[in-house]
>>> print(open('entry.pdb').read())   # PDB, C-alpha atoms and all ligand atoms
ATOM      1  CA  MET E  84     -53.375 -40.378-193.651
ATOM      2  CA  ARG E  85     -53.197 -38.244-196.659
ATOM      3  CA  THR E  86     -54.904 -35.495-194.837
ATOM      4  CA  ARG E  87     -52.541 -35.827-191.915
ATOM      5  CA  ILE E  88     -49.549 -35.825-194.207
ATOM      6  CA  SER E  89     -50.944 -32.934-196.037
ATOM      7  CA  PHE E  90     -51.648 -31.206-192.733
ATOM      8  CA  ARG E  91     -48.150 -31.964-191.552
ATOM      9  CA  LYS E  92     -46.851 -30.783-194.899
ATOM     10  CA  SER E  93     -48.741 -27.562-194.780
ATOM     11  CA  GLY E  94     -47.687 -27.192-191.150
ATOM     12  CA  SER E  95     -44.097 -27.484-192.241
ATOM     13  CA  ILE E  96     -44.659 -24.990-195.016
ATOM     14  CA  ILE E  97     -46.215 -22.506-192.578
ATOM     15  CA  THR E  98     -43.383 -23.077-190.110
ATOM     16  CA  ALA E  99     -40.864 -22.626-192.901
ATOM     17  CA  ALA E 100     -42.652 -19.505-194.078
ATOM     18  CA  VAL E 101     -42.675 -18.079-190.540
ATOM     19  CA  PHE E 102     -38.970 -18.772-190.214
ATOM     20  CA  LEU E 103     -38.330 -17.305-193.621
ATOM     21  CA  VAL E 104     -40.254 -14.118-192.902
ATOM     22  CA  GLY E 105     -38.696 -13.909-189.454
ATOM     23  CA  GLY E 106     -35.280 -14.394-190.928
ATOM     24  CA  VAL E 107     -35.847 -11.757-193.562
ATOM     25  CA  LEU E 108     -37.120  -9.364-190.928
ATOM     26  CA  TRP E 109     -34.171 -10.119-188.675
ATOM     27  CA  ILE E 110     -31.733  -9.529-191.500
ATOM     28  CA  ALA E 111     -33.562  -6.363-192.442
ATOM     29  CA  ILE E 112     -33.499  -5.031-188.861
ATOM     30  CA  ARG E 113     -29.888  -6.050-188.349
ATOM     31  CA  HIS E 114     -28.943  -4.496-191.645
ATOM     32  CA  ALA E 115     -30.751  -1.346-190.714
ATOM     33  CA  LYS E 116     -28.889  -1.179-187.397
ATOM     34  CA  VAL E 117     -25.485  -1.950-188.860
ATOM     35  CA  GLU E 118     -25.978   0.398-191.751
ATOM     36  CA  PRO E 119     -23.660   3.320-191.172
ATOM     37  CA  PRO E 120     -25.573   6.506-190.546
ATOM     38  CA  GLY E 121     -23.487   8.212-193.131
ATOM     39  CA  ILE E 122     -24.904   6.074-195.897
ATOM     40  CA  SER E 123     -28.312   7.013-197.135
ATOM     41  CA  LYS E 124     -30.813   4.535-198.538
ATOM     42  CA  THR E 125     -29.854   5.450-202.058
ATOM     43  CA  GLY E 126     -26.259   4.615-201.285
ATOM     44  CA  THR E 127     -25.234   8.200-201.638
ATOM     45  CA  PRO E 128     -22.929   9.083-198.807
ATOM     46  CA  ALA E 129     -24.978  11.137-196.407
ATOM     47  CA  THR E 130     -21.934  13.275-195.850
ATOM     48  CA  VAL E 131     -22.857  14.965-199.074
ATOM     49  CA  ARG E 132     -26.322  15.831-197.858
ATOM     50  CA  GLU E 133     -26.545  15.835-194.097
ATOM     51  CA  PRO E 134     -23.061  16.737-193.191
ATOM     52  CA  ALA E 135     -23.439  19.401-195.800
ATOM     53  CA  GLY E 136     -25.383  21.131-193.060
ATOM     54  CA  LEU E 137     -22.767  20.169-190.509
ATOM     55  CA  ASP E 138     -19.920  21.009-192.779
ATOM     56  CA  ALA E 139     -21.460  24.289-193.683
ATOM     57  CA  PRO E 140     -20.324  26.087-190.531
ATOM     58  CA  GLY E 141     -16.916  24.480-190.876
ATOM     59  CA  GLU E 142     -16.806  25.464-194.457
ATOM     60  CA  MET E 143     -17.963  28.953-193.624
ATOM     61  CA  GLU E 144     -15.441  29.069-190.809
ATOM     62  CA  GLU E 145     -12.830  27.905-193.215
ATOM     63  CA  GLY E 146     -14.055  30.346-195.804
ATOM     64  CA  ARG E 147     -14.451  33.131-193.320
ATOM     65  CA  ARG E 148     -10.843  33.181-192.266
ATOM     66  CA  PRO E 149      -9.281  33.466-195.674
ATOM     67  CA  ALA E 150     -12.218  35.564-196.798
ATOM     68  CA  GLY E 151     -11.522  37.887-193.865
ATOM     69  CA  ALA E 152      -7.862  37.965-194.652
ATOM     70  CA  GLU E 153      -8.561  38.316-198.331
ATOM     71  CA  SER E 154     -11.178  40.977-197.881
ATOM     72  CA  GLY E 155      -8.727  42.888-195.688
ATOM     73  CA  THR E 156      -6.194  42.646-198.460
ATOM     74  CA  ALA E 157      -8.860  43.379-201.022
ATOM     75  CA  VAL E 158      -9.991  46.480-199.135
ATOM     76  CA  THR E 159      -6.401  47.666-198.815
ATOM     77  CA  SER E 160      -5.794  46.984-202.452
ATOM     78  CA  VAL E 161      -9.009  48.744-203.465
ATOM     79  CA  HIS E 162      -7.899  51.765-201.403
ATOM     80  CA  THR E 163      -4.419  51.624-202.852
ATOM     81  CA  GLU E 164      -5.825  51.525-206.362
ATOM     82  CA  SER E 165      -8.413  54.242-205.753
ATOM     83  CA  TYR E 166      -5.694  56.492-204.271
ATOM     84  CA  LYS E 167      -3.598  55.971-207.368
ATOM     85  CA  VAL E 168      -6.542  56.802-209.617
ATOM     86  CA  ALA E 169      -7.464  59.920-207.613
ATOM     87  CA  CYS E 170      -3.814  60.944-207.692
ATOM     88  CA  VAL E 171      -3.735  60.570-211.491
ATOM     89  CA  HIS E 172      -6.792  62.824-211.643
ATOM     90  CA  ASN E 173      -5.014  65.436-209.486
ATOM     91  CA  LEU E 174      -1.929  65.380-211.669
ATOM     92  CA  ARG E 175      -4.016  65.731-214.822
ATOM     93  CA  MET E 176      -5.682  68.807-213.317
ATOM     94  CA  ILE E 177      -2.271  70.179-212.367
ATOM     95  CA  GLY E 178      -1.137  69.400-215.923
ATOM     96  CA  ILE E 179      -4.027  71.370-217.420
ATOM     97  CA  ALA E 180      -3.398  74.293-215.060
ATOM     98  CA  SER E 181       0.318  74.207-215.962
ATOM     99  CA  GLN E 182      -0.529  74.270-219.642
ATOM    100  CA  LEU E 183      -2.759  77.308-219.102
ATOM    101  CA  TYR E 184       0.075  78.939-217.200
ATOM    102  CA  LEU E 185       2.455  78.099-220.057
ATOM    103  CA  ASN E 186       0.073  79.654-222.588
ATOM    104  CA  ASP E 187       0.017  82.894-220.613
ATOM    105  CA  TYR E 188       3.589  83.116-219.336
ATOM    106  CA  GLY E 189       5.603  81.222-221.939
ATOM    107  CA  THR E 190       7.123  78.794-219.441
ATOM    108  CA  PHE E 191       5.860  76.167-217.099
ATOM    109  CA  PRO E 192       5.512  77.400-213.520
ATOM    110  CA  LEU E 193       8.715  77.567-211.503
ATOM    111  CA  ALA E 194       9.101  79.262-208.152
ATOM    112  CA  SER E 195      12.607  80.533-208.806
ATOM    113  CA  ASP E 196      11.379  82.471-211.811
ATOM    114  CA  LYS E 197       8.628  84.017-209.813
ATOM    115  CA  THR E 198      11.100  84.869-207.086
ATOM    116  CA  ASP E 199      13.321  86.392-209.716
ATOM    117  CA  GLN E 200      10.554  88.598-210.963
ATOM    118  CA  ALA E 201       9.267  89.474-207.515
ATOM    119  CA  THR E 202      12.577  90.229-205.819
ATOM    120  CA  ASN E 203      14.771  90.911-208.819
ATOM    121  CA  GLU E 204      17.358  88.751-207.114
ATOM    122  CA  SER E 205      19.219  85.784-208.420
ATOM    123  CA  SER E 206      17.432  82.478-208.617
ATOM    124  CA  ARG E 207      17.017  80.677-205.349
ATOM    125  CA  PRO E 208      16.692  76.936-205.147
ATOM    126  CA  ALA E 209      13.179  75.946-204.279
ATOM    127  CA  HIS E 210      13.156  73.187-201.733
ATOM    128  CA  SER E 211       9.970  71.403-202.509
ATOM    129  CA  GLY E 212       7.127  71.130-204.942
ATOM    130  CA  PHE E 213       4.840  73.324-202.888
ATOM    131  CA  ASP E 214       6.903  76.430-203.753
ATOM    132  CA  HIS E 215       6.412  75.756-207.438
ATOM    133  CA  LEU E 216       2.795  74.737-207.260
ATOM    134  CA  GLN E 217       2.158  77.890-205.271
ATOM    135  CA  VAL E 218       2.970  79.730-208.511
ATOM    136  CA  ILE E 219      -0.016  78.109-210.217
ATOM    137  CA  PHE E 220      -2.274  79.044-207.315
ATOM    138  CA  ASP E 221      -0.989  82.598-207.310
ATOM    139  CA  ALA E 222      -1.691  82.837-211.036
ATOM    140  CA  ARG E 223      -5.212  81.586-210.248
ATOM    141  CA  PHE E 224      -5.053  78.588-212.532
ATOM    142  CA  LEU E 225      -5.797  76.374-209.551
ATOM    143  CA  ASN E 226      -8.423  77.284-207.036
ATOM    144  CA  LYS E 227      -8.893  74.122-204.996
ATOM    145  CA  SER E 228      -6.232  73.143-202.504
ATOM    146  CA  ASP E 229      -7.176  69.459-202.423
ATOM    147  CA  VAL E 230      -5.960  69.116-206.028
ATOM    148  CA  VAL E 231      -2.397  69.098-204.691
ATOM    149  CA  ILE E 232      -3.151  66.490-202.032
ATOM    150  CA  CYS E 233      -2.375  62.919-203.007
ATOM    151  CA  PRO E 234      -4.966  60.800-201.169
ATOM    152  CA  GLY E 235      -2.249  58.274-200.400
ATOM    153  CA  SER E 236      -0.331  60.878-198.381
ATOM    154  CA  GLU E 237      -0.934  62.204-194.890
ATOM    155  CA  ASP E 238      -1.039  65.770-196.159
ATOM    156  CA  ARG E 239      -4.053  67.985-195.562
ATOM    157  CA  PRO E 240      -5.396  70.664-197.923
ATOM    158  CA  ALA E 241      -4.431  74.254-197.162
ATOM    159  CA  THR E 242      -7.300  76.356-195.866
ATOM    160  CA  ARG E 243      -8.329  79.357-197.879
ATOM    161  CA  ASN E 244      -6.890  82.698-196.779
ATOM    162  CA  THR E 245      -9.275  85.561-196.085
ATOM    163  CA  ASN E 246      -8.440  87.088-199.466
ATOM    164  CA  GLY E 247      -9.399  83.823-201.169
ATOM    165  CA  THR E 248      -5.851  82.635-201.895
ATOM    166  CA  PHE E 249      -4.031  79.584-200.590
ATOM    167  CA  THR E 250      -0.612  79.372-199.003
ATOM    168  CA  LEU E 251       0.862  75.950-199.588
ATOM    169  CA  THR E 252       3.314  74.331-197.210
ATOM    170  CA  SER E 253       5.136  70.993-197.382
ATOM    171  CA  ASP E 254       2.219  69.483-195.425
ATOM    172  CA  SER E 255      -0.432  70.802-197.771
ATOM    173  CA  CYS E 256       1.177  69.707-201.021
ATOM    174  CA  SER E 257       1.944  66.088-201.895
ATOM    175  CA  TYR E 258       3.723  66.725-205.170
ATOM    176  CA  LEU E 259       7.277  67.389-206.187
ATOM    177  CA  TRP E 260       7.943  69.755-209.052
ATOM    178  CA  THR E 261      10.657  69.780-211.658
ATOM    179  CA  ARG E 262      13.655  71.912-210.786
ATOM    180  CA  LYS E 263      14.105  72.884-214.441
ATOM    181  CA  LEU E 264      12.520  75.760-216.232
ATOM    182  CA  LEU E 265      10.470  74.141-218.993
ATOM    183  CA  SER E 266       8.664  75.639-221.943
ATOM    184  CA  ASN E 267       7.102  74.640-225.241
ATOM    185  CA  ALA E 268      10.628  73.994-226.484
ATOM    186  CA  SER E 269      11.143  71.308-223.828
ATOM    187  CA  PRO E 270      10.609  67.680-224.727
ATOM    188  CA  ALA E 271       7.081  66.406-224.103
ATOM    189  CA  THR E 272       8.688  63.599-222.100
ATOM    190  CA  ALA E 273      10.168  66.026-219.549
ATOM    191  CA  PRO E 274       8.665  65.285-216.137
ATOM    192  CA  LEU E 275       6.796  68.111-214.430
ATOM    193  CA  ALA E 276       5.486  66.692-211.182
ATOM    194  CA  ALA E 277       5.591  63.510-209.104
ATOM    195  CA  CYS E 278       4.094  62.220-205.880
ATOM    196  CA  LYS E 279       6.249  62.613-202.803
ATOM    197  CA  LYS E 280       7.847  59.465-201.476
ATOM    198  CA  ASP E 281       5.568  56.976-199.657
ATOM    199  CA  CYS E 282       2.282  58.328-201.024
ATOM    200  CA  HIS E 283       1.867  54.940-202.690
ATOM    201  CA  PRO E 284       3.547  51.614-202.093
ATOM    202  CA  GLU E 285       6.483  50.970-204.392
ATOM    203  CA  GLY E 286       6.037  53.757-206.902
ATOM    204  CA  ARG E 287       4.787  57.193-207.861
ATOM    205  CA  ASN E 288       2.593  58.898-210.402
ATOM    206  CA  LEU E 289       4.465  61.199-212.705
ATOM    207  CA  LEU E 290       3.124  64.127-214.745
ATOM    208  CA  PHE E 291       4.944  64.935-217.961
ATOM    209  CA  ALA E 292       5.094  68.148-219.969
ATOM    210  CA  SER E 293       2.814  66.476-222.517
ATOM    211  CA  GLY E 294       0.106  66.325-219.841
ATOM    212  CA  GLU E 295       0.385  62.545-219.695
ATOM    213  CA  VAL E 296       0.448  60.889-216.275
ATOM    214  CA  LYS E 297       2.328  57.644-215.803
ATOM    215  CA  TRP E 298       2.972  55.263-212.934
ATOM    216  CA  VAL E 299       6.640  54.523-212.328
ATOM    217  CA  THR E 300       8.210  52.202-209.791
ATOM    218  CA  GLU E 301      10.312  53.695-207.019
ATOM    219  CA  GLU E 302      13.373  52.106-208.585
ATOM    220  CA  GLU E 303      12.593  53.626-211.975
ATOM    221  CA  PHE E 304      11.964  56.989-210.337
ATOM    222  CA  GLU E 305      15.306  56.984-208.536
ATOM    223  CA  LYS E 306      17.115  55.806-211.650
ATOM    224  CA  SER E 307      15.557  57.979-214.336
ATOM    225  CA  PHE E 308      13.601  60.832-212.791
ATOM    226  CA  ARG E 309      15.080  61.756-209.430
ATOM    227  CA  LYS E 310      17.488  64.260-210.964
ATOM    228  CA  HIS E 311      14.592  66.320-212.308
ATOM    229  CA  PHE E 312      13.089  66.947-208.910
ATOM    230  CA  THR E 313      13.726  68.875-205.761
ATOM    231  CA  ALA E 314      14.023  66.777-202.641
ATOM    232  CA  ASP E 315      11.051  64.895-201.207
TER     233      ASP E 315
HETATM  234 ZN    ZN E 401       0.063  60.124-205.527
END
>>> encode(input="entry.pdb", output="structure tokens")
Amino acid sequence: MRTRISFRKSGSIITAAVFLVGGVLWIAIRHAKVEPPGISKTGTPATVREPAGLDAPGEMEEGRRPAGAESGTAVTSVHTESYKVACVHNLRMIGIASQLYLNDYGTFPLASDKTDQATNESSRPAHSGFDHLQVIFDARFLNKSDVVICPGSEDRPATRNTNGTFTLTSDSCSYLWTRKLLSNASPATAPLAACKKDCHPEGRNLLFASGEVKWVTEEEFEKSFRKHFTAD
């Protein structure tokens, strides 16, 4: 009897154990099936890991568009800046050449003066910077025609004549020149040269008698410096 009870008891225990294990397994399987694929075993949302791979193209796509737009802007802005810097370099060279001219001739270059001396006629108004800058070339203080080309312009350097000189035109000179005859007695703040209009967006580089080159906005140019220059 005891044995039977004990047998029945142990039978019940085994049955209970089977049910228990089965139940646990069932719950485990069910849980595994129900478990959202996005949740990893550690509970970390899989979106962080797996979709990272999936998101990557999206993210790149996302990034690519603005990056493309930005890099376009960045490239433009890099060009704009490099043109301004190269232009400053040109104007400094022109400033040095003008100073050398001043040392030799007592005034800064001015086409009307040269015309005066050459023709012995009354001063004529020079129409653009190229007439005046031609004076520096003729005096051989400049010997490279690309020095008077602002890289932001559409101008092209004058080709060398057979005798080694250059003949500047409005298309081979990007700079305006002061209409005033300046000398050592002139204020150092007197402007000498400036970029033609539209070489750069919204402003121009300006060369002063001191040799300094400064960026001024178009508005500032029109307001304070326009009167010094011959027409664009
Ligand atoms: Zn310029």
>>> resolve_selection(input="entry.pdb", expression="the PyMOL selection byres (((chain E and resi 264) around 7) and not hetatm)", output="PyMOL selection string")
chain E and resi 190-191+193+262-263+265-266
>>> residues_near_ligand(input="entry.pdb", ligand="ligand ZN 401 (chain E)", cutoff="9 Å", atoms="all atoms listed in the file", output="list in words")
Tyr166, Lys167, Val168, Ala169, Cys170, Val171, Asn173, Leu174, Ile232, Cys233, Pro234, Gly235, Ser236, Ser257, Tyr258, Ala277, Cys278, Lys279, Lys280, Asp281, Cys282, His283, Gly286, Arg287, Asn288 and Leu289 of chain E
>>> atom_distance(input="entry.pdb", atom1="atom CA of Phe304 of chain E", atom2="atom CA of Ser165 of chain E")
21.1 Å
>>> axis_aligned_box(input="entry.pdb", around="segment 159-178 of chain E", padding_each_side="6 Å", output="JSON")
{"center_x": -5.1, "center_y": 58.6, "center_z": -207.4, "size_x": 19.9, "size_y": 35.2, "size_z": 29.1}
>>> atom_distance(input="entry.pdb", atom1="atom CA of Asn226 of chain E", atom2="atom CA of Ser269 of chain E")
26.5 Å
>>> resolve_selection(input="entry.pdb", expression="the PyMOL selection byres (((chain E and resi 213) around 7) and not hetatm)", output="number ranges by chain")
E: 211-212, 214-217, 251-253, 256
>>> write_last_selection(input="entry.pdb", atoms="C-alpha atoms", output="PDB file, in the frame of the given file")
ATOM      1  CA  SER E 211       9.970  71.403-202.509  1.00  0.00           C
ATOM      2  CA  GLY E 212       7.127  71.130-204.942  1.00  0.00           C
ATOM      3  CA  ASP E 214       6.903  76.430-203.753  1.00  0.00           C
ATOM      4  CA  HIS E 215       6.412  75.756-207.438  1.00  0.00           C
ATOM      5  CA  LEU E 216       2.795  74.737-207.260  1.00  0.00           C
ATOM      6  CA  GLN E 217       2.158  77.890-205.271  1.00  0.00           C
ATOM      7  CA  LEU E 251       0.862  75.950-199.588  1.00  0.00           C
ATOM      8  CA  THR E 252       3.314  74.331-197.210  1.00  0.00           C
ATOM      9  CA  SER E 253       5.136  70.993-197.382  1.00  0.00           C
ATOM     10  CA  CYS E 256       1.177  69.707-201.021  1.00  0.00           C
TER      11      CYS E 256
END
>>> atom_distance(input="entry.pdb", atom1="atom CA of Val231 of chain E", atom2="atom CA of Ile179 of chain E")
13.0 Å
>>> closest_residue(input="entry.pdb", among="E:Pro284, E:Phe224, E:Thr261, E:Asp229", to="Thr159 of chain E", atoms="all atoms listed in the file")
E:Pro284
>>> closest_residue(input="entry.pdb", among="E:Asn267, E:Ala180, E:Asp254, E:Glu302", to="Lys227 of chain E", atoms="only C-alpha atoms")
E:Ala180
>>> closest_residue(input="entry.pdb", among="E:Ala268, E:Val158, E:Leu225, E:Ala273", to="Gly247 of chain E", atoms="all atoms listed in the file")
E:Leu225
>>> closest_residue(input="entry.pdb", among="E:Asp221, E:Asp187, E:Asp238, E:Glu285", to="Thr300 of chain E", atoms="all atoms listed in the file")
E:Glu285
>>> closest_residue(input="entry.pdb", among="E:Glu237, E:Pro270, E:His311, E:Val230", to="Gly178 of chain E", atoms="all atoms listed in the file")
E:Val230
>>> decode(input="entry.pdb", residues="segment 167-192 of chain E", atoms="N, CA and C atoms", output="PDB file, in the first residue's frame")
ATOM      1  N   LYS E 167      39.112  85.961 -53.655  1.00  0.00           N
ATOM      2  CA  LYS E 167      39.338  87.198 -52.899  1.00  0.00           C
ATOM      3  C   LYS E 167      40.802  87.293 -52.452  1.00  0.00           C
ATOM      4  N   VAL E 168      41.312  86.147 -51.989  1.00  0.00           N
ATOM      5  CA  VAL E 168      42.701  86.111 -51.514  1.00  0.00           C
ATOM      6  C   VAL E 168      43.674  86.363 -52.669  1.00  0.00           C
ATOM      7  N   ALA E 169      43.427  85.713 -53.805  1.00  0.00           N
ATOM      8  CA  ALA E 169      44.295  85.894 -54.978  1.00  0.00           C
ATOM      9  C   ALA E 169      44.223  87.336 -55.467  1.00  0.00           C
ATOM     10  N   CYS E 170      43.037  87.918 -55.360  1.00  0.00           N
ATOM     11  CA  CYS E 170      42.831  89.303 -55.769  1.00  0.00           C
ATOM     12  C   CYS E 170      43.619  90.254 -54.859  1.00  0.00           C
ATOM     13  N   VAL E 171      43.605  89.955 -53.562  1.00  0.00           N
ATOM     14  CA  VAL E 171      44.375  90.761 -52.596  1.00  0.00           C
ATOM     15  C   VAL E 171      45.854  90.707 -52.975  1.00  0.00           C
ATOM     16  N   HIS E 172      46.322  89.521 -53.328  1.00  0.00           N
ATOM     17  CA  HIS E 172      47.714  89.339 -53.726  1.00  0.00           C
ATOM     18  C   HIS E 172      48.032  90.205 -54.951  1.00  0.00           C
ATOM     19  N   ASN E 173      47.131  90.172 -55.951  1.00  0.00           N
ATOM     20  CA  ASN E 173      47.308  91.011 -57.143  1.00  0.00           C
ATOM     21  C   ASN E 173      47.444  92.484 -56.771  1.00  0.00           C
ATOM     22  N   LEU E 174      46.508  92.937 -55.945  1.00  0.00           N
ATOM     23  CA  LEU E 174      46.497  94.360 -55.591  1.00  0.00           C
ATOM     24  C   LEU E 174      47.745  94.754 -54.800  1.00  0.00           C
ATOM     25  N   ARG E 175      48.226  93.828 -53.991  1.00  0.00           N
ATOM     26  CA  ARG E 175      49.480  94.126 -53.252  1.00  0.00           C
ATOM     27  C   ARG E 175      50.633  94.289 -54.231  1.00  0.00           C
ATOM     28  N   MET E 176      50.673  93.407 -55.237  1.00  0.00           N
ATOM     29  CA  MET E 176      51.726  93.498 -56.261  1.00  0.00           C
ATOM     30  C   MET E 176      51.613  94.825 -57.016  1.00  0.00           C
ATOM     31  N   ILE E 177      50.372  95.175 -57.346  1.00  0.00           N
ATOM     32  CA  ILE E 177      50.134  96.442 -58.054  1.00  0.00           C
ATOM     33  C   ILE E 177      50.554  97.611 -57.146  1.00  0.00           C
ATOM     34  N   GLY E 178      50.282  97.448 -55.851  1.00  0.00           N
ATOM     35  CA  GLY E 178      50.674  98.475 -54.873  1.00  0.00           C
ATOM     36  C   GLY E 178      52.185  98.657 -54.836  1.00  0.00           C
ATOM     37  N   ILE E 179      52.906  97.562 -54.828  1.00  0.00           N
ATOM     38  CA  ILE E 179      54.379  97.614 -54.793  1.00  0.00           C
ATOM     39  C   ILE E 179      54.904  98.272 -56.082  1.00  0.00           C
ATOM     40  N   ALA E 180      54.337  97.842 -57.209  1.00  0.00           N
ATOM     41  CA  ALA E 180      54.756  98.415 -58.498  1.00  0.00           C
ATOM     42  C   ALA E 180      54.465  99.917 -58.547  1.00  0.00           C
ATOM     43  N   SER E 181      53.311 100.309 -57.976  1.00  0.00           N
ATOM     44  CA  SER E 181      52.935 101.734 -57.955  1.00  0.00           C
ATOM     45  C   SER E 181      53.896 102.530 -57.099  1.00  0.00           C
ATOM     46  N   GLN E 182      54.310 101.934 -56.007  1.00  0.00           N
ATOM     47  CA  GLN E 182      55.250 102.588 -55.097  1.00  0.00           C
ATOM     48  C   GLN E 182      56.602 102.786 -55.793  1.00  0.00           C
ATOM     49  N   LEU E 183      57.018 101.778 -56.548  1.00  0.00           N
ATOM     50  CA  LEU E 183      58.273 101.885 -57.303  1.00  0.00           C
ATOM     51  C   LEU E 183      58.162 102.989 -58.353  1.00  0.00           C
ATOM     52  N   TYR E 184      56.986 103.041 -58.970  1.00  0.00           N
ATOM     53  CA  TYR E 184      56.730 104.087 -59.964  1.00  0.00           C
ATOM     54  C   TYR E 184      56.797 105.458 -59.291  1.00  0.00           C
ATOM     55  N   LEU E 185      56.155 105.558 -58.136  1.00  0.00           N
ATOM     56  CA  LEU E 185      56.155 106.809 -57.357  1.00  0.00           C
ATOM     57  C   LEU E 185      57.579 107.246 -57.013  1.00  0.00           C
ATOM     58  N   ASN E 186      58.396 106.293 -56.592  1.00  0.00           N
ATOM     59  CA  ASN E 186      59.790 106.602 -56.241  1.00  0.00           C
ATOM     60  C   ASN E 186      60.537 107.198 -57.429  1.00  0.00           C
ATOM     61  N   ASP E 187      60.248 106.686 -58.608  1.00  0.00           N
ATOM     62  CA  ASP E 187      60.963 107.145 -59.809  1.00  0.00           C
ATOM     63  C   ASP E 187      60.366 108.414 -60.411  1.00  0.00           C
ATOM     64  N   TYR E 188      59.036 108.508 -60.399  1.00  0.00           N
ATOM     65  CA  TYR E 188      58.376 109.589 -61.140  1.00  0.00           C
ATOM     66  C   TYR E 188      57.775 110.678 -60.249  1.00  0.00           C
ATOM     67  N   GLY E 189      57.723 110.434 -58.963  1.00  0.00           N
ATOM     68  CA  GLY E 189      57.214 111.457 -58.045  1.00  0.00           C
ATOM     69  C   GLY E 189      55.702 111.482 -57.878  1.00  0.00           C
ATOM     70  N   THR E 190      54.997 110.744 -58.708  1.00  0.00           N
ATOM     71  CA  THR E 190      53.542 110.608 -58.536  1.00  0.00           C
ATOM     72  C   THR E 190      53.172 109.146 -58.747  1.00  0.00           C
ATOM     73  N   PHE E 191      51.982 108.827 -58.299  1.00  0.00           N
ATOM     74  CA  PHE E 191      51.466 107.500 -58.622  1.00  0.00           C
ATOM     75  C   PHE E 191      51.082 107.509 -60.106  1.00  0.00           C
ATOM     76  N   PRO E 192      51.053 106.332 -60.720  1.00  0.00           N
ATOM     77  CA  PRO E 192      50.743 106.286 -62.151  1.00  0.00           C
ATOM     78  C   PRO E 192      49.365 106.882 -62.451  1.00  0.00           C
TER      79      PRO E 192
END
